[in-house]
Structure formats: C-alpha cells, structure tokens
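A.B. asks: Before we start, here is the structure in question, set down as structure tokens.
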Amino acid sequence: MSIKEKDVSTEHEVRVQKIDQLATRGVSAWPEYRPVSATTQQLHDAFGATNDEATVHTLAGRVMTKRGHGKTVFAHLQDRAGRLQVYVRSDAVSEAAFDLLTHSIDIGDILWVTGTMFTTKTGEPTLKVTDLVLLSKCLHALPEKYHGLTDVEQRYRQRYLDLMVNPESKQKFLQRSRIVQQIRDFLLQNDFVEVETPMLHPIPGGAAARPFKTHHNAYDIDLFLRIAPELYLKRLVVGGIERVFEINRNFRNEGVSTRHNPEFTMLEYYMAHGDYADGMRLTEDMLRAAARAVHGEQAFAFGAHTLDFEKPFLRVTMQESATVIGGIPAADVMPATIEKTLAARGVTGIEKKTFGEKLLILFELAVESRIVQPTFITDFPIEISPLSKRKDDNPAIAARFELFIAGMELANGFSELNDPFDQAERFRHQAHARASGDDEAHFFDADYIKALEYGLPPTVGVGIGIDRLAMFLTGTTSIKDVILFPTMKLLHEVE
C-alpha cells in the first residue's frame, strides 16, 4: 500500500471513529432534514439589496472550507446555488454546537445553520450563526481545494466529486440543461408535440449503425436498443401528429472517442408539409436561439476557433464542397475522374463502388475536417440515403443535408421518402448489403412499409446530436465532459 493510499485510508478511519464518538453523545451523523429558508445566492442577493441584519435565515450546505481562530470559526457552505461564508462564535451558540463544529465537523460534511447576515471587515457577506446541526457526515477527504479534481478518469467515474469541487464542470451541465430547455421551448412554440417512443425495438432502424442486442424472457424474443426513433416518429406523422419531436437516448455499438459515446442524446423532429430546405431554416433558427440562451450572443470560442452562428450558414452540395472547401478542381470530382483523385490520396480497391459512394469517401477524406463555421452539406448521393426522398430534378440525388461545425457532424435531415414501393426496394437493397457483411445496413421493416401504404404526407425530418451541440455551446472539446456519466471501461476490481 502506497503512502497516499494509507493516508486516504487513515482519513476514512478517523471520520468513521467520529461517528462512533457522536453516537455516544446521542448525535446522529445522518438525522432527519431541517427546513431551510434560502439558498446561498438568495442570501447574497437579498443582503446586498437591503443590508438587513435582523432577519433570521436558515441554510444548509456542504462545508468546503473551515478555519478556526480560538473561540471563533469561519467556514464556507456550498449548496446548489453557490457558496456563503458563515461565522461561528463560541458565545453565540451552545457549548455542544461549538464543540461539534470544532472537533467533529470535517470538510465535506453537510451542515444546517441558522443566524443573521452581516458584512465582515473585508466586505464579505457572512451569516452569523446562532445554531448548527450536522445533516450528513462525509467519510472521505475531498480533493485538494486549490487544484480541484484534476484526474480526468476520476472526474468521469466519480462525477459527483467533479460537480462538488469543480465549478466550471457544474456550469457546463447547467448550460446543457438550458440548451435542451431552449430547444424544447422553440419547438413547442412552433406547434410541435413532444412524445416518447420505444427504446426496445424488434427491428433496429432509422440509421446506419450496429445495434446493441438484448433478450426479452417472457416473450422469448431478441430485441435491440434503439439506434434512432425515426421510423416510430414517422408512424406518428402518418397517424396525424403532423409536427412531432423527441429528445431522448440512442444506443450504437460503436467506438468511444472524444466525439462518440455509445449512449447519447438526440433530438429528432418531423414536420409534415415541408421539405429539407424548411428543415435547414428551422434548424438554423433553433440553433441561434440555443446559442442566445447560453451566451447571449452568436459568436463564441470552441477550441482554437471562434464559431459564428449569426452569419447565414453556408449551403453547398456534397460534390461542390470538394472544390469549395476541399480545394480539389471540379474536373477531378466527376464520375470519370474521382477514382484517380482518390487513388492519389491512397484510396484503392473501390472499383465496384458507385460514384456516390466514392464521393462520400472523398468528402470524409478531404472536406469534413476542413469545415469550421456552420455549413450545410446538401444533395447527398441517393445510395447512401436509404430513407430520403429523391430530388425531382435528379433521381440520383437525395433531398438531404447534414450540418457540420468544426469538423463534426451535428445534424442530419432530409425530405422523407414516402413512396412505399421505393422504400421497400431500398430496404431490400440494404438487406442484401447486410447479408454481404455490412453490419450497419438497415433491416427490412415490413410494418413500416405498411404504415407508408396508409399515406405519409410530404415531410421533413431532422436529427440533432444534443451532446455535440452542448460541446459547441460550452466550448468543450471532449464529449465526455458534457455527458454526466459517460460510458467507461469497467475497472478490474469492482468494490
């Protein structure tokens, strides 16, 4: 055992002994709650406005600092709203209460106090305590106060400690909550209805991804954690809920990185009697509203870049983007030349792929990482868009867009395919690809085809990654820093 481990163990043992000592005095380490009259921030605000030193307040919070000066003790209590200094004099509280504070209360304990406000000589608003009670004993030492919790692995595994001692981490999650609330409000104001659809799917669908598989014992059937709610939401549009959205979890059995987590949050919305151009406009407006909710402005830092949501988002077709963004001559992005263009970049063995599939490879290789400002990439090849409607003027192109920011895909949207015969044929093509070894290809969903046969109106659908949006709007470059409990590899020992 290392010295550090021994120190931690000793600290734990000392605190456990204090519980026994308290019990001999009839003091519970975890008593019933005491009512509180205000948060730390409310006391700061109210006292700053009135300088009222007569009103008695009650407060509860975690002890974050504590320093004794003979017959006086100063401490800082932290609650959901912030921190407030408290001042305890031995002649202002009972002997038992002062003894409790000086000998039994540790950093991390949760304390209830009551008293009146005043301002110290240094100008700090402070609660002068007249009574105090231990509400919950903390059995472990908190991370060192000046450096916070810096171990990244520990921050993710013990998020409660991260939130407790790293204010900037807590702020990110409060901002994320505002983002989600703003999106919900925006859609509700635009006459959308929020719904919840199944997480367990008999047939995975709605996106190209490898699903997680499970088994239902009572029915003795295999089920899949959903990779997208799309096909269920479009069933609702068929049923007459013409503007519908869901903010919920998706699950994809894929790698973990600073941009990917197997369990993630998506917004999907569907609007009847609209097309993908309407989807771009609505999405752009919604993202600007979310940016205002967090920053109050449209330009903000993300990594080495300053993202600007105020300017109209660039719109460029996938084929044109190779030239406009990737800097490749247009003549080198044609059906007769693209294979040579890819070969010059080390891509071979693609002779059997379609032009559209080759175009996607070139886009991912030469364009995607070069996109910084919000950019709609439009007009995807139809063969990589199995749920999208074809463009009337070019059946080889899907009426589809993806929104990219800082080299990452944030949103995917398209005019929904509502021709049941075309959709059935594309499902058959996907099923063939799956049989040939493509684990991410779609399954054939006969029930969804039947729903389309009842008539899906012209509809646009859009999916937006909430986690990535939170990354952008909080200036966070790792997705794990905006997911409260990211998926982690199990430790060798589970305590």
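FYI, nothing fancy with the structure tokens labels: chains A, B, ... in order, residues from 1 per chain, ligands from 1 as they appear.
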Show which residues sit within 10 Å of Asp445 in chain A, as a tab-separated table (two decimals) with C-alpha atoms, in the first residue's frame. Count only C-alpha atoms, and ignore same-chain residues fewer than 5 positions away.
C.D. replies:
chain	number	residue	atom	x	y	z
A	202	PRO	CA	-37.87	-5.68	-32.56
A	203	ILE	CA	-36.10	-4.42	-35.69
A	204	PRO	CA	-33.32	-1.81	-35.43
A	205	GLY	CA	-33.76	1.02	-37.90
A	231	LEU	CA	-39.40	5.07	-38.01
A	423	GLN	CA	-38.81	2.42	-49.67
A	424	ALA	CA	-39.38	-1.34	-49.88
A	427	PHE	CA	-34.85	-1.86	-47.69
A	428	ARG	CA	-34.25	-4.89	-49.91
A	431	ALA	CA	-30.88	-6.23	-46.51
A	450	LYS	CA	-47.40	-0.96	-44.27
A.B. asks: If we count only C-alpha atoms and set the cut-off at 6 Å, which residues sit around range 463-476 of chain A, ignoring sequence neighbours fewer than 3 positions away in its own chain? Please answer as a ChimeraX atom specification.
C.D. replies: /A:176,265-268,301-302,410-412
A.B. asks: Quick one: DSSP strand (DSSP E or B) residues in range 245-352 of chain A, as a list in words?
C.D. replies: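 Put together, the selection reads Phe245, Glu246, Ile247, Asn248, Arg249, Asn250, Phe251, Glu263, Phe264, Thr265, Met266, Leu267, Glu268, Tyr269, Tyr270, Met271, Ala272, Ala299, Phe300, Ala301, Phe302, His305, Thr306, Leu307, Asp308, Leu314, Arg315, Val316 and Thr317 of chain A.
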A.B. asks: I'd like to know which of A:Glu124, A:Glu168, A:Asp332, A:Glu284 is closest to His44 in chain A, using only C-alpha atoms.
C.D. replies: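 Smallest distance to His44 in chain A is found for A:Glu124.
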A.B. asks: Please provide the set of residues having any atom within 12 Å of Gly240 in chain A, restricted to only C-alpha atoms, with same-chain residues fewer than 2 positions apart removed, written as a list of chain:residue names.
C.D. replies: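 Listed by chain and then number, they are A:Val193, A:Leu233, A:Lys234, A:Arg235, A:Leu236, A:Val237, A:Val238, A:Glu242, A:Arg243, A:Val244, A:Tyr270, A:Met271, A:Ala272, A:His273, A:Tyr454, A:Gly455, A:Leu456, A:Pro457, A:Thr459.
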A.B. asks: So which one's closest to His442 in chain A, A:Gly413, A:Gly82, A:Pro374, A:Pro386? Using only C-alpha atoms, please.
C.D. replies: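 The answer is A:Pro386, which sits nearest to His442 in chain A.
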